[in-house]
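my_file00.cif (mmCIF, C-alpha atoms)
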```cif
data_data
loop_
_atom_site.label_atom_id
_atom_site.label_comp_id
_atom_site.auth_asym_id
_atom_site.auth_seq_id
_atom_site.Cartn_x
_atom_site.Cartn_y
_atom_site.Cartn_z
CA MET I 1 135.02 5.07 4.92
CA LYS I 2 132.22 6.75 6.86
CA PHE I 3 133.18 8.25 10.22
CA GLY I 4 131.26 9.47 13.23
CA ILE I 5 133.20 11.49 15.80
CA LEU I 6 132.63 11.98 19.52
CA VAL I 7 134.20 15.05 21.16
CA ASN I 8 134.27 14.99 24.97
CA GLU I 9 136.29 18.09 25.84
CA GLY I 10 135.91 21.83 25.41
CA PRO I 11 137.98 23.88 22.96
CA PHE I 12 140.32 25.53 25.47
CA THR I 13 141.36 23.31 28.41
CA HIS I 14 142.19 20.21 26.36
CA GLN I 15 143.59 19.47 22.94
CA ALA I 16 140.99 16.75 22.25
CA SER I 17 138.70 18.99 20.23
CA ASP I 18 141.61 20.30 18.10
CA SER I 19 142.68 16.72 17.43
CA ALA I 20 139.13 15.77 16.49
CA TYR I 21 138.89 18.74 14.13
CA ARG I 22 142.20 17.90 12.48
CA PHE I 23 141.22 14.24 12.19
CA ALA I 24 137.92 15.20 10.53
CA ALA I 25 139.59 17.60 8.10
CA ALA I 26 142.30 15.06 7.21
CA ALA I 27 139.78 12.25 6.70
CA ILE I 28 137.71 14.42 4.35
CA GLU I 29 140.89 15.51 2.53
CA LYS I 30 141.66 11.81 1.93
CA GLY I 31 138.23 11.23 0.42
CA HIS I 32 136.48 9.78 3.47
CA GLN I 33 133.15 11.00 4.79
CA VAL I 34 132.43 12.47 8.22
CA SER I 35 128.69 12.29 8.69
CA ARG I 36 128.27 13.53 12.25
CA VAL I 37 130.25 15.01 15.14
CA PHE I 38 128.62 14.55 18.53
CA PHE I 39 129.64 16.88 21.37
CA TYR I 40 129.36 15.52 24.91
CA ASN I 41 130.71 16.32 28.39
CA ASP I 42 132.51 19.70 28.18
CA GLY I 43 132.63 19.11 24.42
CA VAL I 44 129.35 21.03 24.24
CA TYR I 45 131.37 24.25 24.74
CA ASN I 46 132.59 23.87 21.15
CA SER I 47 129.21 25.22 20.05
CA ASN I 48 129.17 28.46 22.08
CA ARG I 49 129.27 31.37 19.65
CA LEU I 50 129.74 33.79 22.53
CA SER I 51 133.30 32.47 22.95
CA GLU I 52 135.90 35.07 22.05
CA PRO I 53 139.37 33.56 21.76
CA GLN I 54 142.19 36.11 21.51
CA SER I 55 142.78 37.34 17.97
CA ASP I 56 146.05 35.40 17.54
CA ASP I 57 144.44 32.13 18.73
CA ARG I 58 142.58 29.69 16.46
CA ASN I 59 138.80 29.87 16.80
CA LEU I 60 137.74 26.25 16.92
CA ILE I 61 134.06 27.12 17.29
CA ALA I 62 134.16 28.94 13.94
CA LEU I 63 136.38 26.26 12.37
CA TRP I 64 133.90 23.47 13.20
CA SER I 65 131.12 25.57 11.73
CA GLU I 66 133.03 26.20 8.47
CA LEU I 67 134.09 22.57 8.12
CA ALA I 68 130.50 21.45 8.64
CA ARG I 69 129.10 23.87 6.11
CA ALA I 70 131.63 22.93 3.43
CA ASN I 71 131.20 19.18 3.94
CA LYS I 72 127.62 18.77 5.16
CA ILE I 73 128.61 17.47 8.60
CA ASP I 74 125.89 17.18 11.21
CA LEU I 75 127.19 18.89 14.38
CA VAL I 76 125.10 17.65 17.31
CA VAL I 77 125.31 18.98 20.86
CA CYS I 78 123.94 16.74 23.62
CA ILE I 79 120.93 18.39 25.25
CA ALA I 80 121.47 16.99 28.75
CA ALA I 81 125.16 17.97 28.81
CA ALA I 82 124.36 21.36 27.24
CA LEU I 83 121.58 22.35 29.64
CA ARG I 84 123.66 21.87 32.78
CA ARG I 85 126.41 24.00 31.19
CA GLY I 86 124.17 26.83 30.01
CA ILE I 87 124.47 26.05 26.31
CA LYS I 88 121.15 26.89 24.64
CA GLU I 89 119.72 27.46 21.16
CA GLN I 90 120.18 31.24 21.51
CA ILE I 91 123.96 30.98 21.78
CA LEU I 92 124.61 28.17 19.29
CA GLN I 93 127.17 28.77 16.55
CA GLU I 94 125.74 28.33 13.04
CA GLY I 95 125.84 24.71 11.91
CA PHE I 96 125.33 23.19 15.37
CA ARG I 97 122.07 21.74 16.63
CA ILE I 98 120.96 20.47 20.03
CA SER I 99 119.57 16.94 20.29
CA GLY I 100 119.56 13.83 22.43
CA LEU I 101 122.08 11.12 23.24
CA GLY I 102 120.28 8.85 20.79
CA GLN I 103 122.12 10.74 18.06
CA LEU I 104 125.41 9.44 19.48
CA VAL I 105 124.20 5.84 19.47
CA GLU I 106 122.87 6.34 15.95
CA ALA I 107 126.29 7.67 14.87
CA GLY I 108 127.79 4.43 16.22
CA ILE I 109 125.28 2.31 14.32
CA GLN I 110 125.32 4.12 10.99
CA ASN I 111 129.04 4.77 10.50
CA ASP I 112 131.90 2.39 9.78
CA ARG I 113 133.84 3.86 12.71
CA LEU I 114 133.05 6.01 15.71
CA VAL I 115 136.21 7.79 16.82
CA VAL I 116 136.32 9.19 20.36
CA PHE I 117 138.38 12.24 21.33
CA GLY I 118 138.67 12.99 25.02
CA ASP I 119 140.91 13.20 28.03
CA MET L 1 112.63 -20.44 3.48
CA GLU L 2 108.88 -20.02 2.97
CA PRO L 3 107.67 -16.55 1.87
CA TRP L 4 105.90 -15.94 5.17
CA GLU L 5 109.16 -16.58 6.98
CA GLU L 6 110.86 -13.78 5.11
CA GLU L 7 112.00 -11.14 7.52
CA GLU L 8 112.00 -7.42 6.95
CA SER L 9 115.38 -5.88 6.27
CA PRO L 10 117.40 -6.94 9.29
CA GLU L 11 118.16 -4.21 11.80
CA VAL L 12 121.82 -3.54 12.33
CA VAL L 13 122.96 -4.77 15.73
CA LYS L 14 126.38 -3.58 16.75
CA ARG L 15 128.43 -4.32 19.82
CA PHE L 16 128.76 -1.19 21.95
CA MET L 17 131.11 -1.13 24.92
CA TYR L 18 131.23 1.68 27.45
CA VAL L 19 134.46 1.84 29.43
CA ASN L 20 134.56 3.64 32.78
CA ARG L 21 138.07 4.50 33.92
CA ARG L 22 137.52 7.23 36.51
CA ALA L 23 136.37 7.57 40.10
CA PRO L 24 132.66 8.44 40.50
CA TYR L 25 133.31 11.92 41.91
CA GLY L 26 135.95 14.54 41.21
CA THR L 27 134.99 14.71 37.54
CA ILE L 28 131.65 14.36 35.77
CA TYR L 29 132.73 11.54 33.45
CA ALA L 30 131.23 8.66 35.48
CA LEU L 31 127.80 10.29 35.81
CA GLU L 32 127.61 11.36 32.18
CA CYS L 33 128.77 7.96 30.96
CA LEU L 34 126.00 6.32 32.99
CA GLU L 35 123.52 8.67 31.32
CA VAL L 36 124.74 7.50 27.90
CA VAL L 37 124.45 3.82 28.84
CA LEU L 38 120.86 4.21 30.06
CA ILE L 39 119.88 5.89 26.77
CA ALA L 40 121.88 3.43 24.67
CA ALA L 41 120.07 0.51 26.30
CA ALA L 42 116.87 1.58 24.54
CA PHE L 43 118.40 1.04 21.10
CA ASP L 44 118.34 -2.77 20.89
CA GLN L 45 122.08 -2.96 20.43
CA ASP L 46 124.47 -5.35 22.15
CA VAL L 47 125.59 -3.24 25.13
CA SER L 48 128.35 -3.98 27.62
CA VAL L 49 129.76 -1.82 30.39
CA VAL L 50 133.30 -2.07 31.72
CA PHE L 51 134.86 -0.74 34.91
CA VAL L 52 138.65 -0.48 35.09
CA ASP L 53 141.25 1.52 37.03
CA ASP L 54 139.56 3.97 39.47
CA GLY L 55 136.33 3.30 37.54
CA VAL L 56 135.77 0.29 39.81
CA TYR L 57 135.02 2.75 42.65
CA GLN L 58 131.85 3.76 40.79
CA LEU L 59 130.31 0.46 41.91
CA LYS L 60 131.52 0.56 45.52
CA LYS L 61 128.82 -0.19 48.10
CA ASN L 62 127.89 2.29 50.84
CA GLN L 63 128.97 5.49 49.15
CA ASP L 64 128.31 8.63 51.17
CA THR L 65 128.66 11.92 49.32
CA THR L 66 127.25 14.18 52.05
CA ALA L 67 130.59 15.86 52.75
CA ILE L 68 131.22 16.87 49.13
CA GLY L 69 127.68 18.07 48.41
CA MET L 70 127.28 15.87 45.32
CA LYS L 71 124.38 13.61 44.47
CA ASN L 72 125.12 9.96 45.26
CA PHE L 73 124.14 8.32 41.98
CA SER L 74 125.58 4.88 42.76
CA LYS L 75 122.13 3.33 43.22
CA THR L 76 121.34 4.17 39.59
CA TYR L 77 123.68 1.36 38.50
CA ARG L 78 121.03 -1.02 39.88
CA ALA L 79 118.77 0.20 37.07
CA LEU L 80 121.10 -1.34 34.47
CA ASP L 81 119.44 -4.69 35.08
CA ASP L 82 115.97 -3.18 34.45
CA TYR L 83 117.30 -1.81 31.17
CA ASP L 84 118.51 -5.30 30.19
CA VAL L 85 122.16 -4.30 30.37
CA GLU L 86 123.53 -7.59 31.60
CA LYS L 87 127.12 -7.61 30.41
CA ILE L 88 128.91 -5.76 33.17
CA TYR L 89 132.63 -6.45 33.37
CA VAL L 90 135.02 -5.38 36.12
CA GLU L 91 138.75 -5.81 35.62
CA LYS L 92 140.18 -8.22 38.19
CA GLU L 93 143.53 -6.46 38.51
CA SER L 94 141.91 -3.07 39.12
CA LEU L 95 139.83 -4.53 41.96
CA GLU L 96 142.79 -6.32 43.54
CA ARG L 97 145.07 -3.28 43.43
CA ARG L 98 142.46 -1.36 45.37
CA GLY L 99 141.84 -4.09 47.95
CA LEU L 100 138.32 -4.74 46.67
CA THR L 101 136.38 -7.87 45.74
CA ALA L 102 133.08 -8.42 43.91
CA ASP L 103 131.39 -8.48 47.35
CA ASP L 104 132.21 -4.79 47.79
CA LEU L 105 130.19 -3.85 44.71
CA ILE L 106 126.61 -2.60 44.59
CA ILE L 107 125.55 -4.87 41.68
CA PRO L 108 126.51 -8.36 40.48
CA VAL L 109 129.29 -8.19 37.90
CA GLU L 110 131.54 -10.46 35.92
CA VAL L 111 135.12 -10.11 37.17
CA VAL L 112 137.53 -10.67 34.27
CA ALA L 113 141.31 -10.64 34.01
CA ALA L 114 142.90 -7.91 31.89
CA ALA L 115 143.91 -10.41 29.21
CA ASN L 116 140.32 -11.64 28.81
CA LEU L 117 138.97 -8.11 28.85
CA ARG L 118 141.34 -7.27 26.02
CA GLU L 119 139.79 -10.06 23.93
CA ILE L 120 136.23 -8.94 24.71
CA MET L 121 137.21 -5.38 23.81
CA ALA L 122 138.69 -6.48 20.48
CA GLN L 123 135.32 -8.01 19.53
CA GLN L 124 133.43 -4.71 19.84
CA ASP L 125 132.23 -2.49 17.00
CA VAL L 126 132.12 0.69 19.08
CA VAL L 127 134.12 1.42 22.24
CA ILE L 128 133.30 4.61 24.11
CA SER L 129 135.70 5.34 26.92
CA SER L 130 135.59 8.01 29.59
#
```
For this file, write the structure as structure tokens.
Amino acid sequence: MKFGILVNEGPFTHQASDSAYRFAAAAIEKGHQVSRVFFYNDGVYNSNRLSEPQSDDRNLIALWSELARANKIDLVVCIAAALRRGIKEQILQEGFRISGLGQLVEAGIQNDRLVVFGD
Amino acid sequence: MEPWEEEESPEVVKRFMYVNRRAPYGTIYALECLEVVLIAAAFDQDVSVVFVDDGVYQLKKNQDTTAIGMKNFSKTYRALDDYDVEKIYVEKESLERRGLTADDLIIPVEVVAAANLREIMAQQDVVISS
């Protein structure tokens, strides 16, 4: 099955992004495809490479990036949500790109399922 | 079918439902969900918008946000009609629990009971909730 994923929370205040990451990894492990992850609301903070979690904490920003590279996942950060939160090209983690909300709608159209992770 | 009637490969039309569960202020979810709906409307999909729980307050008439210093974006819901978003459902029970009726809302809506809303929801391809 082909999945799109929507992440609506940042990597630190809520568990939503962790759950989304684990869902994506498990789906791929089972032979499914994750074509795109769209980051909206505070979810855009998942792309900030300036984040420095403590050394004994998981680094979800890096984990998303690695998962995307290994499995050709398109990580898309919403431009409107990103701009008001100070997320810009210069601070994007490798593997993320900034684009419009149309990419979310497209993910809903082109995948068998769009799974939403949020509060 | 005659050859000239043959259509190009049919565009996929999916049923998208956007579910608003939260009050308009206090968190950004209502505003950012409205931004998604206005973009989504341009995609020639079957779009519906739902208001349940405190989400029904998003449509309340006569909002005044002066005291909290936030932009009052409630009038933007009137644009939904211009964008051909016509399926706007408000859960009956959520309205009643808050002492509201359809007359208190800034736009015309279809008030539906929770049981009916559940059926409409089950028919969707994509449900985005915030």
Two-atom distance - CA of Tyr25 (chain L), CA of Val50 (chain L) (Å):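 We find that CA of Tyr25 (chain L) and CA of Val50 (chain L) lie 17.3 Å from each other.
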So which residues touch region 49-55 of chain I within 8 Å, counting only C-alpha atoms, skipping near sequence neighbours fewer than 3 positions away, as a list in words?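 The filter keeps Arg58, Asn59, Ile61, Ala62, Ile91, Leu92 and Gln93 of chain I.
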Mind listing as a PyMOL selection string which residues of chain I are within 7 Å of chain L, counting all atoms listed in the file? chain I and resi 41+101-102+105+108-109+114+116
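The two atoms in question, CA of Met1 (chain I) and CA of His14 (chain I), are spaced 27.2 Å apart.
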May I have the protein, DNA and RNA residues with any atom at most 12 Å from the point (140.5, 18.8, 10.1), counting all atoms listed in the file, written as a PyMOL selection string? chain I and resi 5+17-30+32-34+60+63-68+70-71
Every residue with an atom at most 10 Å from (124.4, 0.5, 39.3) (file coordinates; only C-alpha atoms) is what I'm after, so could you write them as a PyMOL selection string? chain L and resi 34+58-61+73-81+88+105-108
What's the separation between CA of Ile87 (chain I) and CA of Thr13 (chain I), in Å to one decimal place? 17.2 Å
Surrounding residues of Arg97 (chain L) excluding itself and chain neighbours under 6 positions, 12 Å, all atoms listed in the file, as number ranges by chain: L: 52-54, 56-57, 91
Choose the residue, out of I:Gln15, I:Val76, I:Asn111, I:Ala82, that has the smallest atom-to-atom separation from Arg97 (chain I); count all atoms listed in the file. I:Val76
Quick one: apply the PyMOL selection byres ((chain I and resi 42) around 6) to the file and drop the selected residues here as a PyMOL selection string. chain I and resi 8-10+41+43-45
Within 9 Å of Lys87 (chain L) using only C-alpha atoms, minus same-chain residues under 6 positions, as a VMD selection string: chain L and resid 46 to 50 109 to 110
